[in-house]
Protein chains: 2
Amino acid sequence: MITLSERKKRILQAVVADYIRTAEPVGSRTIARTYRIGLSSATIRNEMADLEEMGYLAQPHTSAGRIPSQKGYRFYVDYLMDPGELSDDEELEIIHSLGIEKMREIEQIIVSAARVLSSITNQTSLIMGPQFRKSAFRQLRILPLDEKRGLVVLITDTGFIKNKVINLHQTLSPAELHQVVTYLNQKLSGLNIDQVTTSLINELKRDLFRRLEVLEQAFILLEESLKEEQQVRVFLGGTSNILNQPEFRNVEKIRRMLALFEQESLLFEILEEHLGEDNIVVKIGKENAFEDIQECTLITAAYKINDKTLGALGVLGPIRMNYERVIGVVRCMVDKLNRSLSS
Amino acid sequence: MITLSERKKRILQAVVADYIRTAEPVGSRTIARTYRIGLSSATIRNEMADLEEMGYLAQPHTSAGRIPSQKGYRFYVDYLMDPGELSDDEELEIIHSLGIEKMREIEQIIVSAARVLSSITNQTSLIMGPQFRKSAFRQLRILPLDEKRGLVVLITDTGFIKNKVINLHQTLSPAELHQVVTYLNQKLSGLNIDQVTTSLINELKRDLFRRLEVLEQAFILLEESLKEEQQVRVFLGGTSNILNQPEFRNVEKIRRMLALFEQESLLFEILEEHLGEDNIVVKIGKENAFEDIQECTLITAAYKINDKTLGALGVLGPIRMNYERVIGVVRCMVDKLNRSLSS
DNA sequence: ATTAGCACTCGCTTGCTTAGAGTGCTAACA
DNA sequence: TGTTAGCACTCTAAGCAAGCGAGTGCTAAT
């Protein structure tokens, strides 16, 4: 597939670049004039006809200019474009707007990241909050609040601190509570959160019951709380940005996109797929597994906390998007995020 | 303003009802046929001309039917419509989808409420999370996590439990920590959260320093954490529903609405205004203070936790909306929310 | 006071024309 | 043999006129 003459490559590049910029089909004359290739429009016309036959370009109708096909974009992304570094100023802007210098909750950093990512790329951004369940258990505490309630605090190796209020229907003496907590810590230590399954909890429960016949309610709630925490949140930024793109002038398309944005679980699935990848992934149009975004390009990358991949972020926009810039921004953002979350 | 003949009232009601249903200007013939008023179209025409002159109806152009003006809607809402109760089934659906029977975090209940409210009204819903700062301080705890960090837990009379991890740069003995916590509890007890100002904290800090020269960092962070908690979250549901309405076929309008939805602070201001009200408030078009929603109707109500008004919810849609139904749903939702949050 | 009838208005649709951009092909040229 | 100029052809978008239909306002009859 890399067997394209230098000239064809330059012309393809010109078509893609121009179309990204103007959103209008590109004619041979435009290319001859704007991109000093040193060929007449007629020659370029011939080459474009070839490129169309080879599947890199397409024609909306007979007498219009050419636009890149998905295959054309793919070739452009893989071989033609220049990945684009951010200026120092822009990098600083990102750092600053993440508010890394202050001590902030993880969620706040993620929300800021979504906002910056969307405003700087002019597209919609999505960021998965860190996956709690991939962290390893470190410590469990139960803090009695009053006679009836306690606060369960769970700490992981990645610095997560989750907590949940539970009802304690029977009163526990501090000594008993301490005993339970010590036992649990001992048993759970070193496990990954997603290894703390219902069956394991049941097992522990049986074990404990023999020694200490209380806490049933507490256990049910601990279990539920773990279950609930497993649903990871996805944060969106700049959802209104899709309306900036002429390809989304159609109200029906907007409707579908917005409806998608409201379904957090779907967004999660979309991002989750890319957790394994170490590099930036560009999925163009139908390369996306999800039908709802097959008219879009999704550019994603995974981020890490203390060298564990715990989440992913992405930029979603029309297939005609400024790949060089967006890829540069995503790369920078992941870099900053990795640094600021690992501490 | 209530001086309208019975006949005019019935005709106005018919126009509003028909326009709400069809979104098309209503002609005199349609009314004569569909709403058995027992008058010919000509008579109705005369009455409609009167109503137009009085400002209750308007004509998009000379040879079109009539549509209600804002004044017309206002009259309809105040005097003509029948507030509309929900069926038992629908009420059960609301209760069930709120998930009240399970023990859930407040935030989850609020998110569910937003979702139900939008899906049942087919409009966009907004709900303000409970205002932490209007609660009264009850108890403060500091739970040491390791040598360098502690978890601050703050409990209010309304059942809020907020917590934040703080860095403790100097190590504290358990006894010292206990002393600090006791002192703080004593000083803050009974105050409203928004009375815990920076100056009060500074005062306490000075006082404590004399006795215990540690904890500077902890104080800064406590202060910051309080500051951050003061920004209340607003949850949206069914943002894509605005696209169902023919009045939002215009992409530019959609753009503006979506951009508004991304600005949480603005949404907060919109709802905050209505915290004082005890009843359901209907703001039609230009009655809204905020320019961005002057083409919409906003129906809001405040909800309570343990008899304290801590938040508000609302439904936002086009001026042409099914007032009877939406008002009924909002009333029901507030009722259920009040009950489920106070426990 | 109500209603039937009729002329009139105005927006929407349809069909037609025109301008413009761009292509594909052919023939001439280096 | 590759490149280019020229020209006929295609297709879309924009503009315009005519006809249709829904609805009004007025007048005269009941």
# chains A, B, ... in the order shown; residues from 1 in each chain; ligands from 1

$ residues_around --residues "Ile327 of chain A" --least-positions-apart "3" --cutoff "12 Å" --atoms "only C-alpha atoms (C1' of nucleotides)" --output "number ranges by chain"
A: 77, 81-86, 117, 120-121, 279-283, 297-301, 313-316, 321-324, 330-334

$ write_last_selection --atoms "N, CA and C atoms" --output "mmCIF file, in the first residue's frame"
data_model
loop_
_atom_site.group_PDB
_atom_site.id
_atom_site.type_symbol
_atom_site.label_atom_id
_atom_site.label_comp_id
_atom_site.auth_asym_id
_atom_site.auth_seq_id
_atom_site.Cartn_x
_atom_site.Cartn_y
_atom_site.Cartn_z
ATOM 1 N N VAL A 77 -2.530 9.763 7.646
ATOM 2 C CA VAL A 77 -2.138 9.670 9.058
ATOM 3 C C VAL A 77 -0.896 8.801 9.210
ATOM 4 N N MET A 81 1.594 12.778 7.221
ATOM 5 C CA MET A 81 1.526 13.970 8.074
ATOM 6 C C MET A 81 2.737 14.084 8.987
ATOM 7 N N ASP A 82 2.864 15.281 9.512
ATOM 8 C CA ASP A 82 3.970 15.597 10.416
ATOM 9 C C ASP A 82 3.352 15.790 11.802
ATOM 10 N N PRO A 83 3.608 14.864 12.717
ATOM 11 C CA PRO A 83 2.866 14.758 13.980
ATOM 12 C C PRO A 83 2.660 16.026 14.798
ATOM 13 N N GLY A 84 3.430 17.079 14.547
ATOM 14 C CA GLY A 84 3.088 18.355 15.160
ATOM 15 C C GLY A 84 3.310 18.457 16.662
ATOM 16 N N GLU A 85 4.352 19.189 17.038
ATOM 17 C CA GLU A 85 4.601 19.441 18.454
ATOM 18 C C GLU A 85 3.855 20.693 18.876
ATOM 19 N N LEU A 86 3.541 20.787 20.152
ATOM 20 C CA LEU A 86 2.925 22.005 20.653
ATOM 21 C C LEU A 86 3.997 23.032 20.977
ATOM 22 N N LEU A 117 -8.796 19.831 26.888
ATOM 23 C CA LEU A 117 -8.634 19.036 25.675
ATOM 24 C C LEU A 117 -9.648 19.460 24.622
ATOM 25 N N ILE A 120 -8.928 23.226 23.390
ATOM 26 C CA ILE A 120 -7.706 23.423 22.615
ATOM 27 C C ILE A 120 -7.782 22.735 21.253
ATOM 28 N N THR A 121 -8.588 21.707 21.149
ATOM 29 C CA THR A 121 -8.722 21.015 19.862
ATOM 30 C C THR A 121 -9.989 21.423 19.136
ATOM 31 N N ASN A 279 0.411 3.248 22.600
ATOM 32 C CA ASN A 279 0.578 4.442 21.787
ATOM 33 C C ASN A 279 -0.738 5.169 21.573
ATOM 34 N N ILE A 280 -0.643 6.246 20.848
ATOM 35 C CA ILE A 280 -1.857 6.962 20.458
ATOM 36 C C ILE A 280 -2.523 6.200 19.325
ATOM 37 N N VAL A 281 -3.825 5.976 19.454
ATOM 38 C CA VAL A 281 -4.546 5.215 18.443
ATOM 39 C C VAL A 281 -5.485 6.150 17.683
ATOM 40 N N VAL A 282 -5.447 6.051 16.376
ATOM 41 C CA VAL A 282 -6.346 6.845 15.543
ATOM 42 C C VAL A 282 -7.311 5.907 14.850
ATOM 43 N N LYS A 283 -8.578 6.038 15.146
ATOM 44 C CA LYS A 283 -9.577 5.199 14.484
ATOM 45 C C LYS A 283 -10.456 6.076 13.608
ATOM 46 N N THR A 297 -13.904 10.411 13.685
ATOM 47 C CA THR A 297 -12.590 9.870 13.997
ATOM 48 C C THR A 297 -12.390 9.986 15.500
ATOM 49 N N LEU A 298 -11.835 8.932 16.076
ATOM 50 C CA LEU A 298 -11.572 8.920 17.504
ATOM 51 C C LEU A 298 -10.073 8.760 17.711
ATOM 52 N N ILE A 299 -9.503 9.689 18.440
ATOM 53 C CA ILE A 299 -8.068 9.623 18.726
ATOM 54 C C ILE A 299 -7.903 9.412 20.218
ATOM 55 N N THR A 300 -7.326 8.291 20.602
ATOM 56 C CA THR A 300 -7.266 7.973 22.027
ATOM 57 C C THR A 300 -5.850 7.655 22.488
ATOM 58 N N ALA A 301 -5.691 7.719 23.784
ATOM 59 C CA ALA A 301 -4.445 7.303 24.408
ATOM 60 C C ALA A 301 -4.756 6.902 25.840
ATOM 61 N N LEU A 313 -8.093 8.532 27.527
ATOM 62 C CA LEU A 313 -8.764 9.759 27.119
ATOM 63 C C LEU A 313 -8.825 9.786 25.607
ATOM 64 N N GLY A 314 -9.688 10.610 25.086
ATOM 65 C CA GLY A 314 -9.820 10.643 23.642
ATOM 66 C C GLY A 314 -10.439 11.923 23.140
ATOM 67 N N VAL A 315 -10.273 12.138 21.863
ATOM 68 C CA VAL A 315 -10.895 13.274 21.200
ATOM 69 C C VAL A 315 -11.754 12.720 20.074
ATOM 70 N N LEU A 316 -12.986 13.181 20.041
ATOM 71 C CA LEU A 316 -13.924 12.687 19.047
ATOM 72 C C LEU A 316 -14.349 13.837 18.148
ATOM 73 N N MET A 321 -10.669 16.050 10.339
ATOM 74 C CA MET A 321 -10.190 16.850 11.466
ATOM 75 C C MET A 321 -8.706 17.112 11.311
ATOM 76 N N ASN A 322 -8.209 18.056 12.054
ATOM 77 C CA ASN A 322 -6.799 18.396 11.955
ATOM 78 C C ASN A 322 -5.970 17.377 12.738
ATOM 79 N N TYR A 323 -5.614 16.307 12.048
ATOM 80 C CA TYR A 323 -4.937 15.197 12.721
ATOM 81 C C TYR A 323 -3.626 15.621 13.361
ATOM 82 N N GLU A 324 -2.842 16.382 12.628
ATOM 83 C CA GLU A 324 -1.530 16.766 13.160
ATOM 84 C C GLU A 324 -1.683 17.437 14.515
ATOM 85 N N VAL A 330 -3.140 15.514 22.125
ATOM 86 C CA VAL A 330 -3.409 14.315 22.924
ATOM 87 C C VAL A 330 -2.112 13.786 23.535
ATOM 88 N N ARG A 331 -1.074 13.774 22.727
ATOM 89 C CA ARG A 331 0.207 13.286 23.243
ATOM 90 C C ARG A 331 0.660 14.115 24.433
ATOM 91 N N CYS A 332 0.580 15.405 24.278
ATOM 92 C CA CYS A 332 1.008 16.305 25.349
ATOM 93 C C CYS A 332 0.154 16.100 26.601
ATOM 94 N N MET A 333 -1.146 15.997 26.374
ATOM 95 C CA MET A 333 -2.058 15.867 27.514
ATOM 96 C C MET A 333 -1.787 14.586 28.306
ATOM 97 N N VAL A 334 -1.607 13.485 27.614
ATOM 98 C CA VAL A 334 -1.331 12.229 28.301
ATOM 99 C C VAL A 334 -0.053 12.352 29.119
#

$ select_by_dssp --residues "segment 9-157 of chain A" --states "alpha helix (DSSP H)" --output "number ranges by chain"
A: 9-22, 28-34, 41-54, 70-75, 88-98, 106-121

$ atom_distance --atom1 "atom CA of Ile254 of chain B" --atom2 "atom CA of Leu243 of chain A"
8.3 Å

$ calpha_fit_and_write --fixed "chain B" --moving "chain A" --output "short mmCIF file (atom, residue, chain, number, x, y, z; two decimals) with C-alpha atoms, in the first residue's frame"
data_model
loop_
_atom_site.label_atom_id
_atom_site.label_comp_id
_atom_site.auth_asym_id
_atom_site.auth_seq_id
_atom_site.Cartn_x
_atom_site.Cartn_y
_atom_site.Cartn_z
CA MET A 1 -56.28 40.93 33.31
CA ILE A 2 -58.73 38.24 34.35
CA THR A 3 -61.47 40.12 32.55
CA LEU A 4 -61.93 37.80 29.62
CA SER A 5 -65.35 36.50 28.62
CA GLU A 6 -65.97 32.81 29.14
CA ARG A 7 -66.01 32.38 25.39
CA LYS A 8 -62.66 34.07 24.91
CA LYS A 9 -61.20 31.92 27.64
CA ARG A 10 -62.39 28.75 25.97
CA ILE A 11 -61.01 29.85 22.64
CA LEU A 12 -57.67 30.86 24.12
CA GLN A 13 -57.48 27.54 25.87
CA ALA A 14 -58.23 25.73 22.64
CA VAL A 15 -55.55 27.65 20.76
CA VAL A 16 -52.91 26.98 23.40
CA ALA A 17 -53.81 23.32 23.73
CA ASP A 18 -53.79 22.77 19.98
CA TYR A 19 -50.57 24.64 19.44
CA ILE A 20 -48.84 22.72 22.23
CA ARG A 21 -49.92 19.54 20.55
CA THR A 22 -49.15 20.30 16.92
CA ALA A 23 -46.61 23.14 16.91
CA GLU A 24 -48.54 24.60 13.95
CA PRO A 25 -50.39 27.92 13.93
CA VAL A 26 -54.03 27.26 14.75
CA GLY A 27 -56.77 28.45 12.40
CA SER A 28 -60.34 29.30 13.28
CA ARG A 29 -61.72 26.41 11.27
CA THR A 30 -59.56 23.90 13.15
CA ILE A 31 -60.93 25.12 16.45
CA ALA A 32 -64.52 25.08 15.24
CA ARG A 33 -64.10 21.50 14.09
CA THR A 34 -61.92 19.94 16.78
CA TYR A 35 -63.04 21.65 19.96
CA ARG A 36 -66.84 21.50 19.98
CA ILE A 37 -67.43 25.05 21.10
CA GLY A 38 -70.64 25.41 19.12
CA LEU A 39 -69.62 28.46 17.16
CA SER A 40 -68.83 28.91 13.51
CA SER A 41 -65.34 29.59 12.32
CA ALA A 42 -66.30 33.16 11.45
CA THR A 43 -67.30 33.96 15.02
CA ILE A 44 -64.18 32.34 16.36
CA ARG A 45 -62.25 34.39 13.86
CA ASN A 46 -63.67 37.56 15.32
CA GLU A 47 -62.88 36.50 18.85
CA MET A 48 -59.37 35.56 17.84
CA ALA A 49 -58.89 38.97 16.27
CA ASP A 50 -59.93 40.47 19.61
CA LEU A 51 -57.56 38.20 21.53
CA GLU A 52 -54.77 39.21 19.21
CA GLU A 53 -55.48 42.88 19.79
CA MET A 54 -55.45 42.26 23.53
CA GLY A 55 -52.04 40.62 23.22
CA TYR A 56 -52.89 37.02 24.02
CA LEU A 57 -52.39 35.70 20.54
CA ALA A 58 -50.04 36.50 17.70
CA GLN A 59 -49.89 35.86 14.00
CA PRO A 60 -46.63 34.70 12.38
CA HIS A 61 -47.79 36.30 9.11
CA THR A 62 -50.99 37.73 7.73
CA SER A 63 -52.55 34.62 6.33
CA ALA A 64 -51.49 32.12 8.94
CA GLY A 65 -53.35 30.86 11.99
CA ARG A 66 -52.72 32.22 15.47
CA ILE A 67 -50.17 31.14 18.01
CA PRO A 68 -50.19 32.05 21.71
CA SER A 69 -48.07 35.00 22.78
CA GLN A 70 -46.09 34.86 26.01
CA LYS A 71 -48.92 36.73 27.65
CA GLY A 72 -51.27 34.08 26.31
CA TYR A 73 -49.22 31.27 27.80
CA ARG A 74 -49.02 33.13 31.08
CA PHE A 75 -52.81 33.43 31.22
CA TYR A 76 -53.16 29.79 30.29
CA VAL A 77 -50.80 28.68 33.04
CA ASP A 78 -52.36 30.93 35.65
CA TYR A 79 -56.06 30.49 34.98
CA LEU A 80 -56.92 27.99 32.30
CA MET A 81 -54.99 24.79 32.63
CA ASP A 82 -55.71 21.83 34.83
CA PRO A 83 -52.51 21.05 36.78
CA GLY A 84 -52.61 17.35 35.93
CA GLU A 85 -51.93 14.57 38.41
CA LEU A 86 -49.75 11.62 37.52
CA SER A 87 -51.17 8.15 37.36
CA ASP A 88 -50.23 5.72 40.09
CA ASP A 89 -48.15 3.77 37.62
CA GLU A 90 -46.10 6.77 36.68
CA GLU A 91 -45.62 7.67 40.30
CA LEU A 92 -44.37 4.19 40.99
CA GLU A 93 -42.03 4.42 38.04
CA ILE A 94 -40.50 7.55 39.47
CA ILE A 95 -40.08 6.03 42.90
CA HIS A 96 -38.57 2.92 41.47
CA SER A 97 -36.14 4.62 39.16
CA LEU A 98 -34.88 6.86 41.91
CA GLY A 99 -33.77 3.67 43.58
CA ILE A 100 -34.87 4.94 46.92
CA GLU A 101 -35.28 1.51 48.42
CA LYS A 102 -31.54 0.88 48.17
CA MET A 103 -29.18 2.91 50.22
CA ARG A 104 -27.57 5.23 47.75
CA GLU A 105 -25.31 8.21 47.90
CA ILE A 106 -27.06 11.53 47.55
CA GLU A 107 -25.30 12.25 44.30
CA GLN A 108 -26.55 9.06 42.74
CA ILE A 109 -30.11 9.87 43.68
CA ILE A 110 -29.76 13.30 42.14
CA VAL A 111 -28.34 11.90 38.92
CA SER A 112 -31.17 9.39 38.68
CA ALA A 113 -33.68 12.13 39.31
CA ALA A 114 -32.29 14.17 36.45
CA ARG A 115 -32.51 11.20 34.15
CA VAL A 116 -36.08 10.31 35.06
CA LEU A 117 -37.26 13.88 34.94
CA SER A 118 -35.97 14.32 31.44
CA SER A 119 -37.17 11.03 30.08
CA ILE A 120 -40.66 11.40 31.51
CA THR A 121 -41.15 14.97 30.31
CA ASN A 122 -39.17 14.63 27.10
CA GLN A 123 -37.37 17.84 27.95
CA THR A 124 -34.03 18.75 29.39
CA SER A 125 -33.87 18.61 33.17
CA LEU A 126 -31.48 20.24 35.56
CA ILE A 127 -30.94 19.49 39.21
CA MET A 128 -28.73 21.31 41.60
CA GLY A 129 -26.90 19.04 44.01
CA PRO A 130 -27.64 19.81 47.64
CA GLN A 131 -25.98 22.94 48.91
CA PHE A 132 -23.50 21.81 51.41
CA ARG A 133 -22.87 25.26 52.81
CA LYS A 134 -26.42 25.77 54.01
CA SER A 135 -26.14 22.81 56.32
CA ALA A 136 -25.04 23.12 59.91
CA PHE A 137 -21.76 21.78 61.18
CA ARG A 138 -22.10 18.74 63.34
CA GLN A 139 -18.84 16.93 63.68
CA LEU A 140 -15.27 16.91 62.40
CA ARG A 141 -12.91 13.96 62.42
CA ILE A 142 -9.34 13.48 61.29
CA LEU A 143 -8.32 9.96 60.44
CA PRO A 144 -4.56 9.44 60.07
CA LEU A 145 -3.85 7.39 56.98
CA ASP A 146 -0.08 7.15 57.12
CA GLU A 147 2.74 9.36 58.42
CA LYS A 148 2.16 11.99 55.80
CA ARG A 149 -1.53 12.03 55.17
CA GLY A 150 -4.80 12.27 56.98
CA LEU A 151 -8.44 12.07 56.01
CA VAL A 152 -10.63 14.91 57.20
CA VAL A 153 -14.27 13.93 57.61
CA LEU A 154 -16.94 16.56 58.04
CA ILE A 155 -20.50 15.67 59.03
CA THR A 156 -23.50 18.00 58.84
CA ASP A 157 -26.96 17.98 60.35
CA THR A 158 -28.44 17.14 56.97
CA GLY A 159 -26.50 13.95 56.74
CA PHE A 160 -23.76 15.11 54.45
CA ILE A 161 -20.44 13.42 54.88
CA LYS A 162 -17.68 15.23 53.06
CA ASN A 163 -14.11 14.14 53.21
CA LYS A 164 -10.79 15.18 51.88
CA VAL A 165 -7.29 13.88 52.09
CA ILE A 166 -4.79 16.35 53.47
CA ASN A 167 -1.05 16.26 53.69
CA LEU A 168 0.37 16.57 57.18
CA HIS A 169 3.87 17.84 56.68
CA GLN A 170 4.80 17.50 60.28
CA THR A 171 4.04 14.38 62.15
CA LEU A 172 1.44 14.63 64.85
CA SER A 173 1.05 12.38 67.80
CA PRO A 174 -2.43 10.87 68.21
CA ALA A 175 -2.83 12.88 71.39
CA GLU A 176 -2.05 16.15 69.66
CA LEU A 177 -4.38 15.33 66.84
CA HIS A 178 -7.13 14.49 69.25
CA GLN A 179 -6.61 17.76 71.01
CA VAL A 180 -6.91 19.71 67.77
CA VAL A 181 -9.99 17.89 66.69
CA THR A 182 -11.71 18.36 70.02
CA TYR A 183 -10.94 22.04 69.97
CA LEU A 184 -12.27 22.47 66.46
CA ASN A 185 -15.45 20.57 67.18
CA GLN A 186 -16.10 22.68 70.17
CA LYS A 187 -15.60 25.91 68.29
CA LEU A 188 -17.50 25.02 65.15
CA SER A 189 -20.39 23.16 66.68
CA GLY A 190 -23.76 24.45 65.58
CA LEU A 191 -22.46 26.89 62.99
CA ASN A 192 -23.71 26.86 59.45
CA ILE A 193 -21.12 25.76 56.96
CA ASP A 194 -21.13 29.08 55.20
CA GLN A 195 -20.35 30.72 58.51
CA VAL A 196 -17.06 28.88 58.56
CA THR A 197 -15.33 31.67 56.72
CA THR A 198 -11.69 32.21 56.03
CA SER A 199 -11.49 34.79 58.78
CA LEU A 200 -12.95 32.43 61.32
CA ILE A 201 -10.51 29.75 60.28
CA ASN A 202 -7.65 32.21 60.59
CA GLU A 203 -8.78 33.15 64.03
CA LEU A 204 -8.93 29.55 65.14
CA LYS A 205 -5.56 28.97 63.57
CA ARG A 206 -3.94 31.76 65.55
CA ASP A 207 -5.55 30.48 68.68
CA LEU A 208 -4.33 26.97 68.10
CA PHE A 209 -0.85 28.02 67.14
CA ARG A 210 -0.31 29.35 70.55
CA ARG A 211 -1.01 25.98 72.02
CA LEU A 212 0.19 23.69 69.34
CA GLU A 213 2.61 24.82 66.73
CA VAL A 214 1.88 22.37 64.00
CA LEU A 215 -0.75 21.79 61.41
CA GLU A 216 -0.22 24.87 59.31
CA GLN A 217 -0.43 22.86 56.14
CA ALA A 218 -3.45 21.01 57.40
CA PHE A 219 -5.24 24.24 58.01
CA ILE A 220 -4.51 25.63 54.59
CA LEU A 221 -5.87 22.50 53.08
CA LEU A 222 -8.93 22.36 55.24
CA GLU A 223 -9.69 25.85 54.18
CA GLU A 224 -9.18 25.07 50.54
CA SER A 225 -11.28 22.01 50.78
CA LEU A 226 -14.14 23.98 52.25
CA LYS A 227 -13.81 26.52 49.49
CA GLU A 228 -13.95 23.90 46.83
CA GLU A 229 -16.94 22.20 48.31
CA GLN A 230 -18.89 25.38 48.04
CA GLN A 231 -19.20 25.06 44.32
CA VAL A 232 -22.35 23.10 43.90
CA ARG A 233 -22.72 20.73 41.02
CA VAL A 234 -25.61 20.88 38.60
CA PHE A 235 -26.69 17.69 36.89
CA LEU A 236 -28.34 17.62 33.51
CA GLY A 237 -30.57 15.03 31.98
CA GLY A 238 -31.83 14.59 28.45
CA THR A 239 -29.86 17.34 26.81
CA SER A 240 -30.59 15.73 23.48
CA ASN A 241 -34.30 16.12 24.10
CA ILE A 242 -34.29 19.75 23.07
CA LEU A 243 -33.68 18.45 19.57
CA ASN A 244 -37.05 16.73 19.61
CA GLN A 245 -38.73 20.10 19.52
CA PRO A 246 -39.31 21.66 16.12
CA GLU A 247 -38.45 25.09 17.54
CA PHE A 248 -34.89 23.89 17.90
CA ARG A 249 -34.32 22.82 14.34
CA ASN A 250 -32.02 25.75 13.91
CA VAL A 251 -28.42 24.68 14.44
CA GLU A 252 -27.42 28.08 15.80
CA LYS A 253 -30.00 27.83 18.59
CA ILE A 254 -28.86 24.33 19.44
CA ARG A 255 -25.30 25.59 19.60
CA ARG A 256 -26.20 28.27 22.08
CA MET A 257 -28.15 25.92 24.29
CA LEU A 258 -25.40 23.32 24.35
CA ALA A 259 -22.80 25.95 25.09
CA LEU A 260 -24.97 27.05 28.00
CA PHE A 261 -25.24 23.50 29.27
CA GLU A 262 -21.48 23.30 29.47
CA GLN A 263 -21.27 26.21 31.85
CA GLU A 264 -22.17 24.73 35.17
CA SER A 265 -21.85 28.00 37.02
CA LEU A 266 -24.50 29.60 34.85
CA LEU A 267 -26.86 26.71 35.33
CA PHE A 268 -26.33 27.07 39.02
CA GLU A 269 -27.25 30.74 38.93
CA ILE A 270 -30.36 29.96 36.98
CA LEU A 271 -31.55 27.50 39.58
CA GLU A 272 -30.29 29.37 42.60
CA GLU A 273 -32.72 32.21 42.01
CA HIS A 274 -35.57 29.87 42.79
CA LEU A 275 -34.31 28.47 46.04
CA GLY A 276 -36.43 30.83 48.09
CA GLU A 277 -39.70 29.85 46.46
CA ASP A 278 -41.93 27.38 48.17
CA ASN A 279 -44.07 26.61 45.17
CA ILE A 280 -43.49 25.52 41.63
CA VAL A 281 -42.36 28.47 39.54
CA VAL A 282 -43.06 28.78 35.84
CA LYS A 283 -40.95 31.29 33.97
CA ILE A 284 -42.01 31.83 30.41
CA GLY A 285 -39.63 33.23 27.81
CA LYS A 286 -38.54 36.74 28.61
CA GLU A 287 -39.65 36.34 32.20
CA ASN A 288 -36.33 34.57 32.61
CA ALA A 289 -33.55 36.84 33.74
CA PHE A 290 -30.95 34.99 31.67
CA GLU A 291 -30.84 35.94 28.06
CA ASP A 292 -29.75 32.54 26.88
CA ILE A 293 -33.00 30.92 27.90
CA GLN A 294 -35.41 33.64 26.92
CA GLU A 295 -36.76 31.45 24.18
CA CYS A 296 -37.49 28.74 26.71
CA THR A 297 -39.79 28.05 29.58
CA LEU A 298 -38.23 27.01 32.85
CA ILE A 299 -40.28 25.18 35.44
CA THR A 300 -38.56 24.88 38.79
CA ALA A 301 -39.13 23.81 42.34
CA ALA A 302 -36.96 23.67 45.43
CA TYR A 303 -36.39 20.48 47.37
CA LYS A 304 -35.65 19.99 51.02
CA ILE A 305 -33.62 17.78 53.26
CA ASN A 306 -34.95 17.58 56.78
CA ASP A 307 -37.03 20.72 56.17
CA LYS A 308 -34.09 22.77 55.00
CA THR A 309 -34.20 24.00 51.43
CA LEU A 310 -30.93 22.79 49.99
CA GLY A 311 -31.42 22.56 46.27
CA ALA A 312 -33.65 23.07 43.29
CA LEU A 313 -34.59 21.19 40.19
CA GLY A 314 -36.09 22.28 36.95
CA VAL A 315 -37.25 21.38 33.50
CA LEU A 316 -36.16 23.46 30.56
CA GLY A 317 -37.94 23.33 27.24
CA PRO A 318 -39.42 25.45 24.50
CA ILE A 319 -42.11 27.94 25.43
CA ARG A 320 -44.53 25.66 23.67
CA MET A 321 -44.45 22.82 26.14
CA ASN A 322 -47.03 20.64 27.80
CA TYR A 323 -47.40 22.69 30.96
CA GLU A 324 -50.02 20.51 32.59
CA ARG A 325 -47.93 17.42 32.34
CA VAL A 326 -44.53 18.91 33.17
CA ILE A 327 -45.85 20.76 36.21
CA GLY A 328 -47.44 17.54 37.41
CA VAL A 329 -44.20 15.64 37.00
CA VAL A 330 -42.11 18.30 38.70
CA ARG A 331 -44.49 18.37 41.63
CA CYS A 332 -44.35 14.63 42.00
CA MET A 333 -40.59 14.53 41.67
CA VAL A 334 -40.00 17.15 44.34
CA ASP A 335 -42.32 15.29 46.63
CA LYS A 336 -40.48 12.00 46.18
CA LEU A 337 -37.11 13.66 46.47
CA ASN A 338 -38.03 15.41 49.70
CA ARG A 339 -39.11 12.13 51.14
CA SER A 340 -36.16 10.09 50.00
CA LEU A 341 -33.46 12.54 50.99
CA SER A 342 -34.80 13.16 54.47
CA SER A 343 -34.11 10.12 56.55
#

$ closest_atom_pairs --of "chain C" --to "chain A" --cutoff "8 Å" --atoms "only C-alpha atoms (C1' of nucleotides)" --output "CSV"
residue,atom,partner,partner_atom,distance
C:DA21,C1',A:Ala64,CA,7.4
C:DG22,C1',A:Ser63,CA,5.1
C:DT23,C1',A:Ser63,CA,5.5

$ closest_residue --among "D:DC16, D:DA22, D:DA28, D:DA8" --to "chain B" --atoms "only C-alpha atoms (C1' of nucleotides)"
D:DA22

$ interface_residues --of "chain D" --to "chain A" --cutoff "7 Å" --atoms "only C-alpha atoms (C1' of nucleotides)" --output "JSON, numbers by chain"
{"D": [3, 4, 10, 11]}

$ atom_distance --atom1 "atom C1' of DA27 of chain C" --atom2 "atom C1' of DC9 of chain D"
17.5 Å

$ atom_distance --atom1 "atom C1' of DG23 of chain D" --atom2 "atom C1' of DC6 of chain C"
13.1 Å

$ select_by_dssp --residues "segment 244-289 of chain B" --states "strand (DSSP E or B)" --output "compact mmCIF listing (two decimals) with N, CA and C atoms, in the first residue's frame"
# COMPACT_ATOMS: atom_id res chain seq x y z
N VAL B 281 -42.50 27.17 40.28
CA VAL B 281 -42.42 28.44 39.57
C VAL B 281 -42.34 28.17 38.07
N VAL B 282 -43.16 28.88 37.32
CA VAL B 282 -43.12 28.76 35.86
C VAL B 282 -42.64 30.08 35.29
N LYS B 283 -41.51 30.05 34.63
CA LYS B 283 -41.00 31.28 34.02
C LYS B 283 -41.02 31.11 32.51
N ILE B 284 -41.81 31.96 31.88
CA ILE B 284 -42.05 31.83 30.45
C ILE B 284 -41.22 32.85 29.69
